[in-house]
Amino acid sequence: MLKMFKTVEGQVESIEQPQEDCWLCLCQPTDVELATVSQETGVDLADLRAPLDDEERSRVDVEDDYTMIIVDIPTVEERSGRDWYETIPFSIIVTENMIITVCMQDTPILHPFMEGKIRGFNTFMRSRFILQMLYRNATTYLRYLRIIDRESDKLELKLRHSMQNREILMLLELSKTLVYFTTSLKSNEIVMEKLNTLSRIKQYEEDADLLEDVITENKQAIEMANIYSQVLANMTDAFASIVSNNLNNVMRIFTIISITLAVPTLIFSMYGMNFQDGMLGMPFSDSPWGFVIVVVSSMVLAGVVTWFLTRSRLFK
């Protein structure tokens with residue numbers, strides 16, 4: 001989808017044709033839209049396609065007529081009724097008279113710009129526009145990290161009374177997401193450091209504080225991602241041990257029951273043997289109360305064995 005915007009008297013307006021100092025927004029673009037933008041702006045078609053590759057790395061490329069900035073942005077994907085977080089490439093291409101953004105998905109990072117909700121946003125102030133988008137990107141990372149932290153707290157409560165693998169697998173998925181976030185944020189940090197020294201893009205005096213805020217927010221996101229990643233790793237190991245310990249407790253109970261039942265089983269199996277006439281029979285075999293005596297004796301002996309096993313150090 002191709003959308004075009006331009007700031008007119010402080011208001012963001014949608015336009016139908018590319019104009020000077022406008023913003024071309026490509027979200028989930030078609031081949032026809034990419035070819036049209038490439039023909040009208042002079043941007044290489046390969047550069048326009050670059051952020052459509054999931055594996056594209058964050059970088060800054062300086063060409064003759066334009067500068068391309070690629071960063072990783074967070075996105076939400078719904079799977080099995082749950083929200084999972086990942087990162088995708090996002091491209092900002094700055095030419096002499098316009099700015100172009102390309103993304104494989106419709107990202108909520110750009111919605112406030114389209115709706116004119118960003119204070120001080122002007123399409124002709126391209127360097128500030130870049131920093132404003134990078135700032136929104138960093139704050140979006142922070143917001144998703146807080147959501148992930150709350151999700152891990154909910155999983156922690158479930159794992160306290162759970163012996164299933166589902167919650168632990170979800171923790172592992174969150175841990176993997178944090179690894180992706182950390183890697184993407186560090187790559188974005190390198191891009192921001194290069195932007196700080198890039199003289200090709202015009203810098204406004206007011207942008208110095210904004211750039212500092214962007215770098216600060218990005219570093220804070222990196223720090224939070226590292227902390228949450230360590231917490232999740234420790235939590236995963238701890239609850240894996242808890243689940244294993246719960247399983248051991250169950251096996252302990254089953255072992256005690258098995259040994260206890262083995263005692264009367266042994267006695268009854270011996271009394272079930274056939275003996276020839278005239279040979280020495282089993283005790284109480286000639287007594288009319290023999291069956292009752294054997295059953296009661298077996299139950300008493302089984303109770304003694306159970307009492308001993310439950311207090312034995314081997315089964316604690």
# chains A, B, ... in the order shown; residues from 1 in each chain; ligands from 1
call {"tool": "residues_around", "arguments": {"residues": "A:Ile215", "least_positions_apart": "2", "cutoff": "9 Å", "atoms": "only C-alpha atoms", "output": "MDAnalysis selection string"}}
result
chainID A and resid 135 138 189 192:193 210:213 217:220
call {"tool": "residues_around", "arguments": {"residues": "A:Met170", "least_positions_apart": "5", "cutoff": "12 Å", "atoms": "only C-alpha atoms", "output": "PDB file with N, CA and C atoms, in the first residue's frame"}}
result
ATOM      1  N   ARG A  79      -0.523 -15.746  17.213  1.00  0.00           N
ATOM      2  CA  ARG A  79      -0.408 -17.183  16.958  1.00  0.00           C
ATOM      3  C   ARG A  79      -1.122 -17.935  18.068  1.00  0.00           C
ATOM      4  N   SER A  80      -2.038 -18.806  17.665  1.00  0.00           N
ATOM      5  CA  SER A  80      -2.793 -19.642  18.611  1.00  0.00           C
ATOM      6  C   SER A  80      -3.508 -18.802  19.663  1.00  0.00           C
ATOM      7  N   ARG A  82      -2.635 -15.947  20.903  1.00  0.00           N
ATOM      8  CA  ARG A  82      -1.740 -15.169  21.758  1.00  0.00           C
ATOM      9  C   ARG A  82      -0.893 -14.234  20.914  1.00  0.00           C
ATOM     10  N   ASP A  83      -0.430 -13.157  21.528  1.00  0.00           N
ATOM     11  CA  ASP A  83       0.430 -12.191  20.848  1.00  0.00           C
ATOM     12  C   ASP A  83       1.889 -12.568  21.081  1.00  0.00           C
ATOM     13  N   TRP A  84       2.618 -12.689  19.980  1.00  0.00           N
ATOM     14  CA  TRP A  84       4.051 -12.954  20.048  1.00  0.00           C
ATOM     15  C   TRP A  84       4.779 -11.792  19.381  1.00  0.00           C
ATOM     16  N   ILE A 148       5.893  -7.753  27.960  1.00  0.00           N
ATOM     17  CA  ILE A 148       6.545  -9.046  28.129  1.00  0.00           C
ATOM     18  C   ILE A 148       6.815  -9.316  29.606  1.00  0.00           C
ATOM     19  N   GLU A 151       3.629 -10.393  31.151  1.00  0.00           N
ATOM     20  CA  GLU A 151       3.309 -11.759  30.731  1.00  0.00           C
ATOM     21  C   GLU A 151       4.138 -12.776  31.517  1.00  0.00           C
ATOM     22  N   SER A 152       5.393 -12.457  31.766  1.00  0.00           N
ATOM     23  CA  SER A 152       6.231 -13.382  32.532  1.00  0.00           C
ATOM     24  C   SER A 152       5.751 -13.489  33.972  1.00  0.00           C
ATOM     25  N   ASP A 153       5.241 -12.395  34.544  1.00  0.00           N
ATOM     26  CA  ASP A 153       4.688 -12.450  35.903  1.00  0.00           C
ATOM     27  C   ASP A 153       3.463 -13.364  35.957  1.00  0.00           C
ATOM     28  N   LYS A 154       2.614 -13.281  34.938  1.00  0.00           N
ATOM     29  CA  LYS A 154       1.438 -14.158  34.898  1.00  0.00           C
ATOM     30  C   LYS A 154       1.849 -15.621  34.774  1.00  0.00           C
ATOM     31  N   LEU A 155       2.851 -15.875  33.942  1.00  0.00           N
ATOM     32  CA  LEU A 155       3.325 -17.250  33.791  1.00  0.00           C
ATOM     33  C   LEU A 155       3.950 -17.769  35.080  1.00  0.00           C
ATOM     34  N   GLU A 156       4.600 -16.876  35.820  1.00  0.00           N
ATOM     35  CA  GLU A 156       5.195 -17.279  37.092  1.00  0.00           C
ATOM     36  C   GLU A 156       4.133 -17.772  38.068  1.00  0.00           C
ATOM     37  N   LYS A 158       1.258 -19.082  37.281  1.00  0.00           N
ATOM     38  CA  LYS A 158       0.748 -20.368  36.811  1.00  0.00           C
ATOM     39  C   LYS A 158       1.733 -21.501  37.097  1.00  0.00           C
ATOM     40  N   LEU A 159       3.018 -21.196  36.975  1.00  0.00           N
ATOM     41  CA  LEU A 159       4.024 -22.233  37.149  1.00  0.00           C
ATOM     42  C   LEU A 159       4.170 -22.679  38.603  1.00  0.00           C
ATOM     43  N   GLN A 164       3.044 -28.983  33.957  1.00  0.00           N
ATOM     44  CA  GLN A 164       3.027 -29.171  32.520  1.00  0.00           C
ATOM     45  C   GLN A 164       4.119 -28.329  31.858  1.00  0.00           C
ATOM     46  N   ASN A 165       4.401 -28.673  30.604  1.00  0.00           N
ATOM     47  CA  ASN A 165       5.474 -27.999  29.872  1.00  0.00           C
ATOM     48  C   ASN A 165       5.002 -26.739  29.149  1.00  0.00           C
ATOM     49  N   SER A 175      11.794 -15.602  26.173  1.00  0.00           N
ATOM     50  CA  SER A 175      13.254 -15.441  26.244  1.00  0.00           C
ATOM     51  C   SER A 175      13.847 -15.262  24.851  1.00  0.00           C
ATOM     52  N   LYS A 176      13.335 -16.028  23.898  1.00  0.00           N
ATOM     53  CA  LYS A 176      13.811 -15.888  22.517  1.00  0.00           C
ATOM     54  C   LYS A 176      13.464 -14.506  21.961  1.00  0.00           C
ATOM     55  N   THR A 177      12.273 -14.011  22.293  1.00  0.00           N
ATOM     56  CA  THR A 177      11.879 -12.674  21.854  1.00  0.00           C
ATOM     57  C   THR A 177      12.820 -11.620  22.415  1.00  0.00           C
ATOM     58  N   LEU A 232      14.217 -13.958  33.047  1.00  0.00           N
ATOM     59  CA  LEU A 232      13.493 -15.077  32.434  1.00  0.00           C
ATOM     60  C   LEU A 232      14.349 -16.340  32.387  1.00  0.00           C
ATOM     61  N   MET A 235      14.367 -17.682  35.840  1.00  0.00           N
ATOM     62  CA  MET A 235      13.034 -18.194  36.164  1.00  0.00           C
ATOM     63  C   MET A 235      12.779 -19.526  35.461  1.00  0.00           C
ATOM     64  N   THR A 236      13.195 -19.622  34.210  1.00  0.00           N
ATOM     65  CA  THR A 236      13.004 -20.863  33.468  1.00  0.00           C
ATOM     66  C   THR A 236      13.753 -22.015  34.117  1.00  0.00           C
TER      67      THR A 236
END
call {"tool": "select_by_dssp", "arguments": {"residues": "stretch 24-122 of chain A", "states": "strand (DSSP E or B)", "output": "PyMOL selection string"}}
result
chain A and resi 24-27+59-62+67-79+82-94+98-103
call {"tool": "select_by_dssp", "arguments": {"residues": "stretch 19-223 of chain A", "states": "alpha helix (DSSP H)", "output": "PyMOL selection string"}}
result
chain A and resi 31-41+45-49+111-114+126-159+166-196+207-223
call {"tool": "closest_atom_pairs", "arguments": {"of": "stretch 206-232 of chain A", "to": "stretch 142-147 of chain A", "cutoff": "12 Å", "atoms": "only C-alpha atoms", "output": "tab-separated table"}}
result
residue	atom	partner	partner_atom	distance
A:Thr216	CA	A:Leu142	CA	11.7
A:Glu217	CA	A:Leu142	CA	8.1
A:Asn218	CA	A:Leu142	CA	8.5
A:Lys219	CA	A:Leu142	CA	10.3
A:Gln220	CA	A:Leu142	CA	8.0
A:Ala221	CA	A:Leu142	CA	5.5
A:Ile222	CA	A:Leu142	CA	9.0
A:Glu223	CA	A:Leu142	CA	10.1
A:Met224	CA	A:Leu145	CA	7.3
A:Ala225	CA	A:Leu145	CA	6.8
A:Asn226	CA	A:Leu145	CA	10.4
A:Ile227	CA	A:Leu145	CA	10.4
A:Tyr228	CA	A:Leu145	CA	8.1
A:Ser229	CA	A:Leu145	CA	10.2
call {"tool": "closest_residue", "arguments": {"among": "A:Arg49, A:Arg252, A:Lys6, A:Arg150", "to": "A:Leu309", "atoms": "only C-alpha atoms"}}
result
A:Arg252
call {"tool": "residues_around", "arguments": {"residues": "A:Val263", "least_positions_apart": "6", "cutoff": "12 Å", "atoms": "only C-alpha atoms", "output": "number ranges by chain"}}
result
A: 256-257, 269-270, 294-295, 297-306
call {"tool": "residues_around", "arguments": {"residues": "stretch 27-43 of chain A", "least_positions_apart": "5", "cutoff": "12 Å", "atoms": "only C-alpha atoms", "output": "PyMOL selection string"}}
result
chain A and resi 1-4+17-20+22+48-53+62-68+89-111
call {"tool": "closest_residue", "arguments": {"among": "A:Asp209, A:Glu86, A:Asp149, A:Asp47", "to": "A:Thr183", "atoms": "only C-alpha atoms"}}
result
A:Glu86
call {"tool": "atom_distance", "arguments": {"atom1": "atom CA of A:Arg59", "atom2": "atom CA of A:Asp72"}}
result
9.7 Å
call {"tool": "closest_residue", "arguments": {"among": "A:Glu16, A:Glu206, A:Asp61, A:Glu55", "to": "A:Leu131", "atoms": "only C-alpha atoms"}}
result
A:Glu206
call {"tool": "atom_distance", "arguments": {"atom1": "atom CA of A:Lys186", "atom2": "atom CA of A:Ile118"}}
result
25.7 Å
call {"tool": "atom_distance", "arguments": {"atom1": "atom CA of A:Trp23", "atom2": "atom CA of A:Phe124"}}
result
8.5 Å
